[in-house]
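Visitor: Got a structure here, written out as structure tokens. Questions coming.
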Amino acid sequence: MKQPLQRLASQLTRFSLVGVANTGIDFLVTNLLFLAFRPAGMLGLTLISVVACLVAATNSYLVNSRWTVTDQAGDSGQIRRFVVFAALGLAVNTAVFLFLVRYLPLLVTLDPMSNLNLATLGGVVCAMAFTFLGYRFGVFYSAAVAGFRRDCRLQAADGPVAWRQLWAILVLALAARLLFVAIAPVAYGDAVSYAWVAWFTAHGEWQLADPFWHSLFDFWQAGLLLTGIGQYPALVLASLLPGLLLIVPAYLLTRRLYGNPAALIAGLFVALHPRLVEYAVNGYAESFYLCAAMWAVWGITTVIQERGHRAAWAAIGLGAAGYFLVRNEAVLLIGLLGAVALLLAARRRLDLRLAGTPLALFATCVLAYTAASEALWDQSGLFSKSSNLGKQHVETLDIAAAARETYGGSAVEQAPPSLAERLATLAVRWPANLMYTAERLPGMLLSPVIILAILLPLLVARRGRVPGDELPLLAFSLWPLAFYPLIQLEPRLLFPTLIGAGIFGAAGAVAAGRLVAGALQRASTRRLAEHGVPALVLLLLLPLLPALAWNSEQSRGFHREVGAWLEAHVPSGTGIAGDGYGYVSSSSFWAGVKGEPRLWTEHAAALAKAARERGEPVLVLYEEYLRNANPQLLPAMDDGVPGMQLAAGFEFPRVGRVQIWSLDGALGSVAMANTPHSNNTPEITP
């Protein structure tokens, strides 16, 4: 009789052979459809990928069910389960395919057919790994696997928290974050907008702040500025401190659901994941609201499990308020989570009078925030960003159209769109946002942990302490995928999905390690396998951390050089304008100046007129922005801007040229190098 590992190896070999056949089918159908229809957009490529996957999946079921797995404990639900995992495999294949189609050309120069086939190969390989595990443990599973699922138990840990272990994770997390900020000390995009609101508020000049960017995060950052630290250190600390504290509720929540081994893995995952590290040092509000939200999820889970846990009720109120006052749309999720908590608590006959505590704390925080905001800006700032719902275009889908709509400066005051018009816009936007979600999700997850998260219910039937205690985390994790594609999706809005995948995946890694260990004979080898699976998941993250930091520096570090020139050569009080969407604001931040987005126009001659009218005589143009959002102005970088003179030019590998223009006399006379985009800094003569 074959040993378990020998049997698994035999099945893996057969599955691989079937996979090779499926890959051939996938490639054949993909190339035939591409040559037949020659799709120009991502929608056509997606449809081709879906059709090819469906044909390959049909072949997969027919062959695997009859040849690959011969020891299966089949039942009447086999076809239904196969359809589910085939659909998930299709999602994995499509997401990786779209991700590679978009980003492979940025790494290597490829012709369209080579790019298509490499992307197809990447999608097929990732989907094959997922479907093998899904089919083996969820569709064609054996009696042994069924027995393991029945007997394995992941339950809440008893006894005191291992605080030394948690402190060690926090120290490791701090080291990872300091390494990232040392490699890539960058400030860009929305983080700069938050920083200026905090700066003006802390210095008593709140009337200069743009309240559109105001949230509880700005009040928090303003408090840091009041300690006397500089603007950039405050920007980093504003995300660094909550980014570290985020680990605590993630660790405690995992411990409550799945025990200490899973808590250790989940804590390390949150501590070392490159995306979470990046957003813990770049000044964005994500780590702040994620920390608040995770405390609320921990609190809801705790009151479901225990009776009368007063600290948990308080965590619900304060955490939900912190989440809502940064991401106002989260009120929908908060309402859903509250209903789930009350329903489960009522079924367990908990004292629902304690629910008054989180309600009171939530209301108090919202009222205090609203009062302070009204006093400073005569508006609460709540739901101010809902204006995005009325926009016809968003930059993540069509940056050129969105830039024209956002920065066009039309003098005609348009009436706000009606509800029917908004719904029609969202209905058109939704399919594109779904593709955008699939395309960006692999780059956000950056880990196979999602596979282990999906496998968790297949490997372990008995989890948690009481029925329903996983629901708050599940709702929190699926929320971005269900809600944001309906409106405006940005990749960082997928962080709740990433954290949920990390926690569920940590539990899945523990279960997978136990399953592999159970098939081994020697005790030392079993221990190695039990800890090796989780360790492998974490080790895969380590090389990605410096790589992502290096990429961030290469993509955005140029702002420091441009900002240093502006600080050295632009007189104090001189207005600076330039390309929007975080370009000029990021460069001018390093000069200690709040730059403003320029007028979007198709005519270079209009730039000088706008500079005079707006009192912003210095103009910064970025080749990358013009290429993507305003290509009509690209010739101006060679032909010049009428009525303005070139004061400085730079050229950077990733973003191309950056040019600084000024109205005549604004910066004195300029002696330029021979080429308008020289790396040499020009001399300024007073």
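Convention: chains lettered A, B, ... in structure tokens order; per-chain residue numbering from 1; ligands numbered from 1 as shown.
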Which residues in range 88-235 of chain A does DSSP call alpha helix (DSSP H)? List them as JSON, numbers by chain.
Guide: {"A": [88, 89, 90, 91, 92, 93, 94, 95, 96, 97, 98, 99, 100, 101, 102, 103, 104, 105, 106, 107, 112, 113, 114, 115, 116, 117, 118, 119, 120, 121, 122, 123, 124, 125, 126, 127, 128, 129, 130, 131, 132, 133, 134, 143, 144, 145, 146, 147, 148, 149, 150, 151, 163, 164, 165, 166, 167, 168, 169, 170, 171, 172, 173, 174, 175, 176, 177, 178, 179, 180, 181, 182, 183, 190, 191, 192, 193, 194, 195, 196, 197, 198, 199, 200, 201, 202, 216, 217, 218, 219, 220, 221, 222, 223, 224, 225, 231, 232, 233, 234, 235]}
Visitor: Just the residues within 12 Å of range 432-440 of chain A, please, counting only C-alpha atoms, with nothing from its chain fewer than 4 positions along; format it as a VMD selection string.
Guide: chain A and resid 41 to 47 90 to 103 119 123 393 to 398 425 to 428 444 to 446 480 to 495 497
Visitor: For Glu561 in chain A, please output as a PDB file with all heavy atoms, in the first residue's frame all residues within 10 Å (counting only C-alpha atoms; exclusion window: fewer than 2 positions along the same chain).
Guide:
```pdb
ATOM      1  N   GLY A 557      11.085  59.191  -5.821  1.00  0.00           N
ATOM      2  CA  GLY A 557      12.176  59.905  -5.158  1.00  0.00           C
ATOM      3  C   GLY A 557      12.603  61.168  -5.867  1.00  0.00           C
ATOM      4  O   GLY A 557      13.221  62.050  -5.263  1.00  0.00           O
ATOM      5  N   PHE A 558      12.286  61.282  -7.156  1.00  0.00           N
ATOM      6  CA  PHE A 558      12.693  62.465  -7.917  1.00  0.00           C
ATOM      7  C   PHE A 558      12.079  63.739  -7.347  1.00  0.00           C
ATOM      8  O   PHE A 558      12.601  64.840  -7.572  1.00  0.00           O
ATOM      9  CB  PHE A 558      12.306  62.302  -9.389  1.00  0.00           C
ATOM     10  CG  PHE A 558      10.837  62.386  -9.666  1.00  0.00           C
ATOM     11  CD1 PHE A 558      10.245  63.590  -9.999  1.00  0.00           C
ATOM     12  CD2 PHE A 558      10.031  61.255  -9.575  1.00  0.00           C
ATOM     13  CE1 PHE A 558       8.888  63.669 -10.257  1.00  0.00           C
ATOM     14  CE2 PHE A 558       8.679  61.323  -9.842  1.00  0.00           C
ATOM     15  CZ  PHE A 558       8.103  62.525 -10.175  1.00  0.00           C
ATOM     16  N   HIS A 559      10.954  63.611  -6.620  1.00  0.00           N
ATOM     17  CA  HIS A 559      10.314  64.809  -6.075  1.00  0.00           C
ATOM     18  C   HIS A 559      11.247  65.553  -5.119  1.00  0.00           C
ATOM     19  O   HIS A 559      11.174  66.788  -5.023  1.00  0.00           O
ATOM     20  CB  HIS A 559       9.028  64.437  -5.343  1.00  0.00           C
ATOM     21  CG  HIS A 559       7.910  64.034  -6.257  1.00  0.00           C
ATOM     22  ND1 HIS A 559       7.359  64.894  -7.176  1.00  0.00           N
ATOM     23  CD2 HIS A 559       7.233  62.864  -6.386  1.00  0.00           C
ATOM     24  CE1 HIS A 559       6.386  64.279  -7.836  1.00  0.00           C
ATOM     25  NE2 HIS A 559       6.295  63.042  -7.381  1.00  0.00           N
ATOM     26  N   GLY A 563      12.093  69.339  -5.525  1.00  0.00           N
ATOM     27  CA  GLY A 563      11.756  70.189  -4.392  1.00  0.00           C
ATOM     28  C   GLY A 563      12.948  70.964  -3.867  1.00  0.00           C
ATOM     29  O   GLY A 563      12.819  72.128  -3.461  1.00  0.00           O
ATOM     30  N   ALA A 564      14.131  70.336  -3.863  1.00  0.00           N
ATOM     31  CA  ALA A 564      15.335  71.036  -3.396  1.00  0.00           C
ATOM     32  C   ALA A 564      15.646  72.228  -4.298  1.00  0.00           C
ATOM     33  O   ALA A 564      16.054  73.296  -3.818  1.00  0.00           O
ATOM     34  CB  ALA A 564      16.511  70.064  -3.365  1.00  0.00           C
ATOM     35  N   TRP A 565      15.459  72.068  -5.615  1.00  0.00           N
ATOM     36  CA  TRP A 565      15.689  73.194  -6.524  1.00  0.00           C
ATOM     37  C   TRP A 565      14.674  74.309  -6.255  1.00  0.00           C
ATOM     38  O   TRP A 565      15.026  75.492  -6.215  1.00  0.00           O
ATOM     39  CB  TRP A 565      15.578  72.723  -7.978  1.00  0.00           C
ATOM     40  CG  TRP A 565      16.069  73.757  -8.958  1.00  0.00           C
ATOM     41  CD1 TRP A 565      17.312  73.851  -9.497  1.00  0.00           C
ATOM     42  CD2 TRP A 565      15.314  74.871  -9.472  1.00  0.00           C
ATOM     43  NE1 TRP A 565      17.401  74.933 -10.335  1.00  0.00           N
ATOM     44  CE2 TRP A 565      16.177  75.587 -10.327  1.00  0.00           C
ATOM     45  CE3 TRP A 565      14.025  75.323  -9.304  1.00  0.00           C
ATOM     46  CZ2 TRP A 565      15.781  76.728 -11.000  1.00  0.00           C
ATOM     47  CZ3 TRP A 565      13.619  76.469  -9.972  1.00  0.00           C
ATOM     48  CH2 TRP A 565      14.490  77.167 -10.815  1.00  0.00           C
ATOM     49  N   LEU A 566      13.419  73.949  -6.094  1.00  0.00           N
ATOM     50  CA  LEU A 566      12.395  74.964  -5.826  1.00  0.00           C
ATOM     51  C   LEU A 566      12.693  75.714  -4.537  1.00  0.00           C
ATOM     52  O   LEU A 566      12.553  76.943  -4.462  1.00  0.00           O
ATOM     53  CB  LEU A 566      11.023  74.296  -5.746  1.00  0.00           C
ATOM     54  CG  LEU A 566      10.460  73.703  -7.048  1.00  0.00           C
ATOM     55  CD1 LEU A 566       9.197  72.899  -6.760  1.00  0.00           C
ATOM     56  CD2 LEU A 566      10.180  74.795  -8.074  1.00  0.00           C
ATOM     57  N   GLU A 567      13.114  74.993  -3.508  1.00  0.00           N
ATOM     58  CA  GLU A 567      13.409  75.637  -2.228  1.00  0.00           C
ATOM     59  C   GLU A 567      14.584  76.597  -2.353  1.00  0.00           C
ATOM     60  O   GLU A 567      14.588  77.683  -1.745  1.00  0.00           O
ATOM     61  CB  GLU A 567      13.720  74.569  -1.181  1.00  0.00           C
ATOM     62  CG  GLU A 567      13.976  75.142   0.209  1.00  0.00           C
ATOM     63  CD  GLU A 567      14.264  74.058   1.224  1.00  0.00           C
ATOM     64  OE1 GLU A 567      14.721  72.960   0.825  1.00  0.00           O
ATOM     65  OE2 GLU A 567      14.031  74.286   2.426  1.00  0.00           O
ATOM     66  N   SER A 587       6.332  67.501  -5.226  1.00  0.00           N
ATOM     67  CA  SER A 587       7.612  68.204  -5.388  1.00  0.00           C
ATOM     68  C   SER A 587       7.687  69.424  -4.479  1.00  0.00           C
ATOM     69  O   SER A 587       8.699  69.655  -3.807  1.00  0.00           O
ATOM     70  CB  SER A 587       7.796  68.624  -6.845  1.00  0.00           C
ATOM     71  OG  SER A 587       7.893  67.506  -7.696  1.00  0.00           O
ATOM     72  N   TRP A 590       8.522  69.131  -0.614  1.00  0.00           N
ATOM     73  CA  TRP A 590       9.915  69.093  -0.174  1.00  0.00           C
ATOM     74  C   TRP A 590      10.548  70.484  -0.181  1.00  0.00           C
ATOM     75  O   TRP A 590      11.637  70.672   0.391  1.00  0.00           O
ATOM     76  CB  TRP A 590      10.711  68.144  -1.056  1.00  0.00           C
ATOM     77  CG  TRP A 590      10.275  66.732  -0.889  1.00  0.00           C
ATOM     78  CD1 TRP A 590       9.465  66.009  -1.711  1.00  0.00           C
ATOM     79  CD2 TRP A 590      10.598  65.867   0.205  1.00  0.00           C
ATOM     80  NE1 TRP A 590       9.263  64.748  -1.207  1.00  0.00           N
ATOM     81  CE2 TRP A 590       9.944  64.629  -0.028  1.00  0.00           C
ATOM     82  CE3 TRP A 590      11.368  66.007   1.355  1.00  0.00           C
ATOM     83  CZ2 TRP A 590      10.054  63.549   0.840  1.00  0.00           C
ATOM     84  CZ3 TRP A 590      11.478  64.931   2.232  1.00  0.00           C
ATOM     85  CH2 TRP A 590      10.830  63.719   1.966  1.00  0.00           C
ATOM     86  N   ALA A 591       9.886  71.435  -0.816  1.00  0.00           N
ATOM     87  CA  ALA A 591      10.355  72.821  -0.773  1.00  0.00           C
ATOM     88  C   ALA A 591       9.686  73.609   0.353  1.00  0.00           C
ATOM     89  O   ALA A 591       9.971  74.794   0.540  1.00  0.00           O
ATOM     90  CB  ALA A 591      10.082  73.503  -2.110  1.00  0.00           C
ATOM     91  N   PHE A 650      15.175  68.690 -15.679  1.00  0.00           N
ATOM     92  CA  PHE A 650      15.713  67.454 -15.117  1.00  0.00           C
ATOM     93  C   PHE A 650      15.255  66.296 -15.991  1.00  0.00           C
ATOM     94  O   PHE A 650      14.266  66.397 -16.720  1.00  0.00           O
ATOM     95  CB  PHE A 650      15.202  67.218 -13.689  1.00  0.00           C
ATOM     96  CG  PHE A 650      15.408  68.370 -12.748  1.00  0.00           C
ATOM     97  CD1 PHE A 650      14.473  69.401 -12.674  1.00  0.00           C
ATOM     98  CD2 PHE A 650      16.524  68.435 -11.932  1.00  0.00           C
ATOM     99  CE1 PHE A 650      14.639  70.460 -11.807  1.00  0.00           C
ATOM    100  CE2 PHE A 650      16.710  69.495 -11.056  1.00  0.00           C
ATOM    101  CZ  PHE A 650      15.770  70.509 -10.995  1.00  0.00           C
TER     102      PHE A 650
END
```
Visitor: Between CA of Glu205 in chain A and CA of Leu376 in chain A, measure the distance and give it in Å to one decimal.
Guide: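 Going from CA of Glu205 in chain A over to CA of Leu376 in chain A, I get 9.6 Å.
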Visitor: Taking into account only C-alpha atoms, which residue in the set A:Asp210, A:Asp190, A:Glu306, A:Asp26 is nearest to Glu286 in chain A?
Guide: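 Checking each candidate against Glu286 in chain A, we get A:Asp190 as the closest.
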Visitor: Just want the 9 Å neighbourhood of Ala461 in chain A, counted on only C-alpha atoms, with same-chain residues fewer than 6 positions away dropped. Output as a list in words.
Guide: Arg149, Arg150, Asp151, Cys152, Arg153 and Leu154 of chain A
Visitor: If you count only C-alpha atoms, which residues fall within 10 Å of Leu542 in chain A, apart from same-chain ones fewer than 6 positions away, as a ChimeraX atom specification?
Guide: /A:176,272-274
Visitor: Quick one: write out the picked residues with N, CA, C and O atoms as a PDB file, in the first residue's frame?
Guide:
```pdb
ATOM      1  N   ALA A 176      11.448  46.714  10.147  1.00  0.00           N
ATOM      2  CA  ALA A 176      11.073  46.635   8.739  1.00  0.00           C
ATOM      3  C   ALA A 176      10.627  47.989   8.216  1.00  0.00           C
ATOM      4  O   ALA A 176      10.973  48.389   7.090  1.00  0.00           O
ATOM      5  N   LEU A 272       5.299  42.209   8.377  1.00  0.00           N
ATOM      6  CA  LEU A 272       6.290  42.139   7.312  1.00  0.00           C
ATOM      7  C   LEU A 272       5.724  42.312   5.914  1.00  0.00           C
ATOM      8  O   LEU A 272       6.497  42.369   4.952  1.00  0.00           O
ATOM      9  N   HIS A 273       4.398  42.368   5.770  1.00  0.00           N
ATOM     10  CA  HIS A 273       3.870  42.479   4.413  1.00  0.00           C
ATOM     11  C   HIS A 273       4.306  43.815   3.795  1.00  0.00           C
ATOM     12  O   HIS A 273       4.102  44.884   4.381  1.00  0.00           O
ATOM     13  N   PRO A 274       4.923  43.778   2.601  1.00  0.00           N
ATOM     14  CA  PRO A 274       5.489  45.009   2.029  1.00  0.00           C
ATOM     15  C   PRO A 274       4.482  46.137   1.853  1.00  0.00           C
ATOM     16  O   PRO A 274       4.810  47.309   2.065  1.00  0.00           O
TER      17      PRO A 274
END
```
Visitor: Per residue of range 350-462 of chain A within 8 Å of range 597-605 of chain A, note the shortest atom pair and the distance in Å to one decimal, counting only C-alpha atoms, and order the rows by chain and increasing residue number, as a Markdown table.
Guide:
```
| residue | atom | partner | partner_atom | distance |
| --- | --- | --- | --- | --- |
| A:Ala403 | CA | A:Trp600 | CA | 7.1 |
| A:Arg404 | CA | A:Trp600 | CA | 6.0 |
| A:Tyr407 | CA | A:Trp600 | CA | 5.0 |
| A:Gly408 | CA | A:Trp600 | CA | 4.7 |
| A:Gly409 | CA | A:Leu599 | CA | 6.3 |
```
